[in-house]
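Just coords_12.txt here, compact mmCIF, C-alpha atoms:
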# COMPACT_ATOMS: atom_id res chain seq x y z
CA MET A 1 9.17 -0.41 -7.04
CA ILE A 2 5.40 -0.67 -6.48
CA ILE A 3 3.49 2.51 -5.67
CA VAL A 4 -0.05 2.46 -4.26
CA GLY A 5 -1.64 5.90 -4.60
CA GLU A 6 -3.34 6.82 -1.32
CA LYS A 7 -5.34 9.92 -2.23
CA ILE A 8 -8.86 8.44 -2.63
CA ASN A 9 -9.52 7.81 1.04
CA GLY A 10 -12.54 9.06 2.95
CA SER A 11 -10.41 9.65 6.05
CA ILE A 12 -8.95 12.66 4.21
CA PRO A 13 -11.28 15.63 4.94
CA SER A 14 -11.45 16.90 1.35
CA VAL A 15 -12.27 13.40 0.07
CA ALA A 16 -14.88 12.87 2.80
CA LYS A 17 -16.52 16.11 1.73
CA ALA A 18 -16.50 15.02 -1.92
CA ILE A 19 -18.02 11.65 -1.03
CA ALA A 20 -20.77 13.28 1.03
CA ALA A 21 -21.54 15.70 -1.82
CA ARG A 22 -21.18 12.98 -4.48
CA ASP A 23 -18.68 15.22 -6.28
CA GLU A 24 -17.84 12.99 -9.21
CA ASP A 25 -15.37 15.37 -10.88
CA PHE A 26 -13.30 15.61 -7.69
CA ILE A 27 -12.90 11.82 -7.49
CA ARG A 28 -12.21 11.45 -11.20
CA ASN A 29 -9.47 14.08 -10.96
CA LEU A 30 -7.81 12.30 -8.04
CA ALA A 31 -7.78 9.11 -10.09
CA LYS A 32 -6.40 10.85 -13.17
CA VAL A 33 -3.53 12.70 -11.48
CA GLN A 34 -2.41 9.55 -9.68
CA THR A 35 -2.54 7.59 -12.92
CA ASP A 36 -0.48 10.28 -14.63
CA ALA A 37 2.08 9.96 -11.80
CA GLY A 38 2.52 6.31 -12.77
CA VAL A 39 1.13 4.48 -9.75
CA ASP A 40 0.76 0.71 -9.90
CA PHE A 41 -2.49 0.64 -7.89
CA ILE A 42 -5.06 3.28 -6.93
CA ASP A 43 -6.22 2.70 -3.38
CA VAL A 44 -9.96 3.22 -2.86
CA CYS A 45 -11.16 3.52 0.73
CA ALA A 46 -14.60 4.94 1.51
CA SER A 47 -14.24 5.39 5.29
CA VAL A 48 -18.00 5.67 5.74
CA GLU A 49 -20.50 3.79 7.89
CA GLU A 50 -20.45 0.09 7.04
CA SER A 51 -24.16 0.15 6.15
CA ILE A 52 -23.38 2.29 3.08
CA GLU A 53 -19.76 1.26 2.53
CA VAL A 54 -20.24 -1.23 -0.31
CA GLU A 55 -22.53 1.17 -2.17
CA THR A 56 -19.99 3.98 -1.71
CA MET A 57 -17.11 1.77 -2.80
CA LYS A 58 -18.97 0.93 -6.02
CA TRP A 59 -19.54 4.61 -6.70
CA LEU A 60 -15.87 5.43 -6.14
CA ILE A 61 -14.52 2.47 -8.13
CA ASP A 62 -16.81 3.18 -11.07
CA LEU A 63 -15.57 6.79 -11.19
CA VAL A 64 -11.92 5.75 -11.03
CA GLN A 65 -12.40 3.24 -13.84
CA GLU A 66 -14.02 5.88 -16.04
CA VAL A 67 -10.70 7.71 -16.31
CA SER A 68 -8.04 5.12 -15.47
CA GLU A 69 -7.04 1.57 -16.34
CA THR A 70 -4.76 1.33 -13.30
CA PRO A 71 -5.71 -1.61 -11.04
CA ILE A 72 -7.69 -0.82 -7.89
CA ALA A 73 -6.59 -1.54 -4.32
CA VAL A 74 -9.87 -2.22 -2.50
CA ASP A 75 -9.35 -0.90 1.02
CA SER A 76 -11.57 -1.40 4.07
CA PRO A 77 -11.29 -2.54 7.70
CA SER A 78 -13.96 -5.08 6.75
CA VAL A 79 -12.72 -7.99 4.63
CA ASN A 80 -16.32 -8.66 3.61
CA VAL A 81 -16.52 -5.16 2.12
CA CYS A 82 -13.23 -5.82 0.31
CA VAL A 83 -14.59 -9.04 -1.17
CA GLU A 84 -17.81 -7.34 -2.31
CA SER A 85 -15.85 -4.43 -3.77
CA MET A 86 -13.69 -6.76 -5.84
CA LYS A 87 -16.77 -7.50 -7.94
CA PHE A 88 -16.86 -3.90 -9.19
CA CYS A 89 -13.29 -3.97 -10.53
CA ASN A 90 -12.60 -4.45 -14.24
CA LYS A 91 -9.33 -6.28 -13.61
CA PRO A 92 -7.46 -7.94 -10.73
CA GLY A 93 -5.98 -5.54 -8.22
CA LEU A 94 -4.93 -5.56 -4.57
CA VAL A 95 -6.94 -6.45 -1.46
CA ASN A 96 -5.98 -4.10 1.39
CA SER A 97 -5.82 -5.94 3.72
CA VAL A 98 -5.89 -9.17 5.78
CA SER A 99 -4.12 -10.36 8.94
CA LEU A 100 -4.31 -13.26 11.36
CA GLU A 101 -7.04 -11.44 13.30
CA GLY A 102 -10.23 -13.49 13.42
CA ASP A 103 -11.14 -15.15 10.14
CA LYS A 104 -9.89 -12.41 7.81
CA ILE A 105 -7.49 -14.59 5.84
CA ASP A 106 -9.97 -17.44 5.60
CA VAL A 107 -12.50 -15.04 4.09
CA VAL A 108 -10.18 -13.45 1.51
CA PHE A 109 -7.66 -16.15 0.53
CA PRO A 110 -10.26 -18.61 -0.85
CA VAL A 111 -11.70 -15.79 -2.99
CA ILE A 112 -8.36 -14.75 -4.51
CA ALA A 113 -7.03 -18.31 -4.87
CA GLY A 114 -6.72 -19.19 -8.54
CA THR A 115 -6.92 -15.52 -9.60
CA LYS A 116 -4.37 -12.79 -10.28
CA TRP A 117 -5.51 -10.70 -7.33
CA GLU A 118 -2.77 -9.64 -4.94
CA CYS A 119 -3.18 -9.08 -1.20
CA ALA A 120 -1.63 -6.99 1.56
CA ALA A 121 -1.22 -8.82 4.87
CA LEU A 122 -0.51 -7.16 8.22
CA LEU A 123 1.75 -8.82 10.78
CA CYS A 124 -0.79 -8.82 13.61
CA ASP A 125 -3.13 -11.40 15.12
CA ASP A 126 -5.80 -11.65 17.79
CA THR A 127 -3.31 -10.51 20.44
CA GLY A 128 -2.80 -7.19 18.63
CA ILE A 129 0.41 -5.68 17.24
CA PRO A 130 3.45 -7.74 18.28
CA ARG A 131 6.00 -5.74 20.25
CA ASN A 132 9.11 -7.48 18.96
CA ALA A 133 10.56 -8.84 15.72
CA ALA A 134 10.42 -12.50 16.79
CA LYS A 135 6.67 -12.37 17.37
CA ARG A 136 6.04 -10.53 14.11
CA LEU A 137 7.95 -13.23 12.29
CA GLU A 138 5.81 -15.86 14.03
CA VAL A 139 2.73 -14.13 12.65
CA PHE A 140 4.41 -14.01 9.24
CA ALA A 141 4.97 -17.78 9.40
CA GLY A 142 1.27 -18.24 10.12
CA ILE A 143 0.31 -16.08 7.13
CA MET A 144 2.60 -18.05 4.84
CA ALA A 145 1.14 -21.34 6.10
CA LYS A 146 -2.29 -20.05 5.07
CA ALA A 147 -0.92 -18.94 1.69
CA LYS A 148 0.43 -22.44 1.11
CA GLU A 149 -2.92 -23.95 2.16
CA TYR A 150 -4.73 -21.86 -0.45
CA ASP A 151 -1.94 -22.18 -3.06
CA ILE A 152 -1.24 -18.46 -3.20
CA ASP A 153 2.22 -17.72 -4.54
CA PRO A 154 4.40 -15.44 -2.35
CA SER A 155 4.82 -13.03 -5.28
CA ARG A 156 1.13 -12.09 -4.90
CA LEU A 157 1.53 -11.05 -1.28
CA HIS A 158 2.51 -7.66 0.14
CA ILE A 159 3.56 -8.09 3.76
CA ASP A 160 3.10 -5.06 6.01
CA PRO A 161 5.62 -5.25 8.88
CA LEU A 162 3.59 -2.54 10.70
CA VAL A 163 5.41 0.77 10.60
CA GLU A 164 4.75 2.65 13.83
CA MET A 165 5.46 6.14 15.08
CA LEU A 166 9.14 6.98 15.39
CA ALA A 167 8.31 9.38 18.24
CA THR A 168 7.34 6.47 20.51
CA SER A 169 10.07 4.06 19.42
CA GLU A 170 13.08 3.30 21.61
CA GLU A 171 15.21 1.91 18.78
CA GLY A 172 14.17 3.83 15.68
CA ILE A 173 13.12 1.49 12.90
CA LYS A 174 15.61 -1.30 13.63
CA MET A 175 12.90 -3.81 14.52
CA VAL A 176 11.02 -3.11 11.30
CA THR A 177 14.13 -3.31 9.12
CA ASP A 178 15.14 -6.58 10.83
CA VAL A 179 11.70 -8.02 10.05
CA ILE A 180 11.86 -6.83 6.43
CA THR A 181 15.31 -8.34 5.90
CA ASP A 182 14.26 -11.69 7.37
CA ILE A 183 11.07 -11.84 5.29
CA LYS A 184 12.92 -11.12 2.05
CA SER A 185 15.62 -13.67 2.87
CA GLN A 186 12.95 -16.36 3.33
CA TYR A 187 10.86 -15.42 0.28
CA PRO A 188 12.81 -13.31 -2.26
CA THR A 189 9.79 -12.84 -4.54
CA ILE A 190 7.43 -11.62 -1.82
CA HIS A 191 6.65 -7.90 -1.55
CA VAL A 192 7.00 -5.83 1.61
CA ILE A 193 4.62 -2.88 1.85
CA GLY A 194 4.37 0.11 4.16
CA ALA A 195 2.31 3.23 4.71
CA VAL A 196 5.10 5.78 4.63
CA SER A 197 3.42 8.55 6.63
CA ASN A 198 2.88 6.35 9.73
CA ILE A 199 6.51 6.79 10.76
CA SER A 200 6.35 10.55 11.28
CA PHE A 201 3.17 11.12 13.32
CA ASN A 202 3.61 13.85 15.97
CA LEU A 203 6.93 15.05 14.55
CA PRO A 204 7.75 18.40 12.93
CA VAL A 205 8.74 18.59 9.24
CA ARG A 206 7.29 15.13 8.68
CA LYS A 207 8.37 14.95 5.04
CA LEU A 208 12.04 14.72 6.06
CA VAL A 209 11.38 11.78 8.39
CA ASN A 210 9.27 10.07 5.72
CA GLN A 211 12.00 10.41 3.12
CA GLY A 212 14.67 9.11 5.48
CA PHE A 213 12.49 6.14 6.32
CA VAL A 214 11.98 5.27 2.66
CA VAL A 215 15.73 5.11 2.03
CA LEU A 216 16.37 2.85 5.04
CA ALA A 217 13.33 0.64 4.36
CA MET A 218 14.26 0.17 0.70
CA ASN A 219 17.79 -0.77 1.73
CA ALA A 220 16.29 -3.46 3.99
CA GLY A 221 14.09 -4.79 1.17
CA MET A 222 10.79 -2.89 1.24
CA ASP A 223 9.58 -2.59 -2.35
CA SER A 224 5.95 -1.50 -2.09
CA PHE A 225 4.74 1.83 -0.71
CA ILE A 226 1.37 3.40 0.08
CA LEU A 227 1.89 7.13 -0.38
CA ASP A 228 0.92 10.37 -2.11
CA PRO A 229 2.35 10.00 -5.63
CA LEU A 230 2.03 13.76 -6.16
CA ASN A 231 4.73 14.34 -3.54
CA ARG A 232 7.51 15.06 -6.01
CA ASP A 233 10.30 15.04 -3.42
CA MET A 234 9.25 11.63 -2.16
CA MET A 235 8.93 10.17 -5.63
CA GLY A 236 12.35 11.51 -6.55
CA MET A 237 13.83 9.98 -3.41
CA ILE A 238 12.35 6.58 -4.27
CA PHE A 239 13.68 6.57 -7.83
CA ALA A 240 17.08 7.84 -6.69
CA THR A 241 17.34 5.19 -3.96
CA GLU A 242 16.33 2.47 -6.39
CA ALA A 243 19.17 3.54 -8.68
CA LEU A 244 21.68 3.76 -5.82
CA LEU A 245 20.79 0.24 -4.69
CA GLY A 246 21.60 -1.13 -8.15
CA MET A 247 17.97 -1.91 -8.94
CA ASP A 248 17.74 0.43 -11.93
CA GLU A 249 20.03 -0.57 -14.78
CA TYR A 250 21.87 2.45 -16.15
CA CYS A 251 19.43 4.64 -14.16
CA MET A 252 16.87 4.32 -16.95
CA GLU A 253 13.86 4.31 -14.59
CA TYR A 254 15.21 7.39 -12.81
CA ILE A 255 15.78 9.24 -16.08
CA GLY A 256 12.40 8.18 -17.47
CA ALA A 257 10.51 9.32 -14.37
CA TYR A 258 12.31 12.67 -14.50
CA ARG A 259 11.39 13.13 -18.16
CA ARG A 260 7.75 12.30 -17.38
CA GLY A 261 7.77 15.01 -14.72
CA VAL A 262 7.21 12.65 -11.79
CA PHE A 263 9.86 14.59 -9.85
CA GLY A 264 12.21 17.51 -10.36
CA PRO A 265 11.13 20.98 -11.53
CA LYS A 266 7.50 21.15 -12.58
CA LYS A 267 7.07 21.30 -16.32
CA LYS A 268 5.66 24.60 -17.56
Can I see the file as structure tokens?
Amino acid sequence: MIIVGEKINGSIPSVAKAIAARDEDFIRNLAKVQTDAGVDFIDVCASVEESIEVETMKWLIDLVQEVSETPIAVDSPSVNVCVESMKFCNKPGLVNSVSLEGDKIDVVFPVIAGTKWECAALLCDDTGIPRNAAKRLEVFAGIMAKAKEYDIDPSRLHIDPLVEMLATSEEGIKMVTDVITDIKSQYPTIHVIGAVSNISFNLPVRKLVNQGFVVLAMNAGMDSFILDPLNRDMMGMIFATEALLGMDEYCMEYIGAYRRGVFGPKKK
């Protein structure tokens, strides 16, 4: 299972305040605690005006790399900012993200071709977010055609099927799980990624909905999550589900994560 730690994001009020105040210790601590939780990537998203975004991304990435060797997920609505931010990283990480909107893929894919950089790709295009599974799979086919054009192996891609609010859905998450299952059947080595908290917007006790979604999504084939790795209940649910699905031989990953204190009672 691949975990992308989401806590260094300027859209979070406490992080926005730290960025504005240039509070270096606050950012370093967020990087350290996520590293200690065992994340595979640390997402870095400035969420500031584009005129200062690259400069802010450099500041954030430099601070993260002072205390962590975990690869960076460079995160911005602007693919040009993502490409510039890659230059500040000490090792290949994850570009978050591209889609078939405009020229996003044609900006990023040539840059990561021939490297070990991975990339998240959203199943949307210039018409917006597709309303049905068939259209999302059409967009997926277009993304994979571009990947083939630039010789990018499917194992380096994290496909986001676009998890939307459950409160406005007429059929729960069936469309999303159908898309996930189809994607994984076509390309077994590809990753499917999702921002867990999107599912529960406008609902009470959101953590219960989020946890239920993770179980169902993992059963369909989702193997990459953007989430808060300090949420012990969520992390425990992920490791438990991985074991229940037969993806954790003799439950060794589950036991190891428990011993490291990733979930379960907090160590005194």
Give one line per residue of region 30-69 of chain A that approaches region 84-108 of chain A to at most 7 Å, naming the two atoms of the closest pair and their distance in Å to one decimal, counting all atoms listed in the file; sort by chain then ascending residue number and deliver it as a tab-separated table.
residue	atom	partner	partner_atom	distance
A:Val54	CA	A:Ser85	CA	6.4
A:Met57	CA	A:Ser85	CA	6.4
A:Lys58	CA	A:Phe88	CA	6.2
A:Ile61	CA	A:Phe88	CA	6.9
Go through A:Asp75, A:Asp178, A:Glu6, A:Glu171 one by one, measure the shortest atom-to-atom distance of each to Ala195 (chain A) using all atoms listed in the file, and give the residue with the smallest value.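 The answer is A:Glu6, which sits nearest to Ala195 (chain A).
Among the candidates A:Ile173, A:Val179, A:Ala113, A:Met165, the residue lying nearest to Phe140 (chain A) is A:Val179 (atoms considered: only C-alpha atoms).
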Can you pull out every residue within 7 Å of Asp223 (chain A), counting only C-alpha atoms, but drop anything in the same chain fewer than 3 positions away, and send it as a PyMOL selection string? chain A and resi 1-2+191-193+218
Starting from the point (-21.7, -1.8, 4.8), work out which residues of protein, DNA or RNA have an atom no more than 12 Å away when counting all atoms listed in the file; state them as a list of chain:residue names. A:Ala46, A:Ser47, A:Val48, A:Glu49, A:Glu50, A:Ser51, A:Ile52, A:Glu53, A:Val54, A:Glu55, A:Thr56, A:Met57, A:Lys58, A:Ser76, A:Pro77, A:Ser78, A:Val79, A:Asn80, A:Val81, A:Cys82, A:Val83, A:Glu84, A:Ser85
Just how far from CA of Ala37 (chain A) is CA of Pro265 (chain A), in Å to one decimal? 14.3 Å
Would you please work out which residue, of A:Val262, A:Val209, A:Leu157, A:Leu216, is nearest to Arg232 (chain A) when using only C-alpha atoms?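 Closest residue, counting only C-alpha atoms: A:Val262.
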Given all atoms listed in the file as the basis, pick out the residue of A:Ile72, A:Ala134, A:Gly38, A:Gly172 nearest to Gly261 (chain A).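 Once distances to Gly261 (chain A) are computed over all atoms listed in the file, the minimum belongs to A:Gly38.
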Separation of CA of Asp25 (chain A) from CA of Met235 (chain A), in Å and rounded to one decimal: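 CA of Met235 (chain A) lies 25.4 Å from CA of Asp25 (chain A).
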Could you please determine the separation between CA of Cys251 (chain A) and CA of Gly264 (chain A) in Å, to one decimal place? 15.2 Å
Ranking A:Lys207, A:Lys174, A:Lys146, A:His158 by minimum distance to Pro188 (chain A) and counting only C-alpha atoms, which one comes first?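 So, comparing all the options, the nearest one is A:His158.
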Between A:Leu230, A:Met247, A:Leu137, A:Val163, which one has atoms that come closest to Leu30 (chain A), using all atoms listed in the file?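 Closest to Leu30 (chain A) of all the choices is A:Leu230.
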If you count all atoms listed in the file, which residues fall within 7 Å of Gly5 (chain A), apart from same-chain ones fewer than 4 positions away, as a list in words?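 Close residues of Gly5 (chain A): Gln34, Val39, Phe41, Ile42, Asp43, Ile226, Leu227, Asp228 and Pro229 of chain A.
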Neighbours of point (-17.8, 7.6, -8.7) within 9 Å, using all atoms listed in the file, written as an mmCIF file with C-alpha atoms, in the frame of the given file:
data_model
loop_
_atom_site.group_PDB
_atom_site.id
_atom_site.type_symbol
_atom_site.label_atom_id
_atom_site.label_comp_id
_atom_site.auth_asym_id
_atom_site.auth_seq_id
_atom_site.Cartn_x
_atom_site.Cartn_y
_atom_site.Cartn_z
ATOM 1 C CA ILE A 19 -18.020 11.650 -1.030
ATOM 2 C CA ARG A 22 -21.180 12.980 -4.480
ATOM 3 C CA ASP A 23 -18.680 15.220 -6.280
ATOM 4 C CA GLU A 24 -17.840 12.990 -9.210
ATOM 5 C CA ASP A 25 -15.370 15.370 -10.880
ATOM 6 C CA ILE A 27 -12.900 11.820 -7.490
ATOM 7 C CA ARG A 28 -12.210 11.450 -11.200
ATOM 8 C CA THR A 56 -19.990 3.980 -1.710
ATOM 9 C CA MET A 57 -17.110 1.770 -2.800
ATOM 10 C CA LYS A 58 -18.970 0.930 -6.020
ATOM 11 C CA TRP A 59 -19.540 4.610 -6.700
ATOM 12 C CA LEU A 60 -15.870 5.430 -6.140
ATOM 13 C CA ILE A 61 -14.520 2.470 -8.130
ATOM 14 C CA ASP A 62 -16.810 3.180 -11.070
ATOM 15 C CA LEU A 63 -15.570 6.790 -11.190
ATOM 16 C CA VAL A 64 -11.920 5.750 -11.030
ATOM 17 C CA GLN A 65 -12.400 3.240 -13.840
ATOM 18 C CA GLU A 66 -14.020 5.880 -16.040
#
When you look at Ala147 (chain A) with a cut-off of 8 Å (counting all atoms listed in the file), what residues show up, excluding the ones that are within fewer than 6 positions of it in the same chain? I need them as a VMD selection string. chain A and resid 109 153 to 154
Using only C-alpha atoms, which protein or nucleic acid residues come within 8 Å of Ala220 (chain A)? Drop anything in the same chain fewer than 5 positions from it, and give the result as a list of chain:residue names. A:Thr177, A:Asp178, A:Ile180, A:Thr181
Calculate, to one decimal in Å, the centre and edge lengths of the box along x, y and z of the file that holds all listed atoms of region 12-18 of chain A with 5 Å of margin on each side, and present them as lines of an AutoDock Vina configuration file.
center_x = -12.7
center_y = 14.8
center_z = 1.5
size_x = 17.6
size_y = 14.2
size_z = 16.9
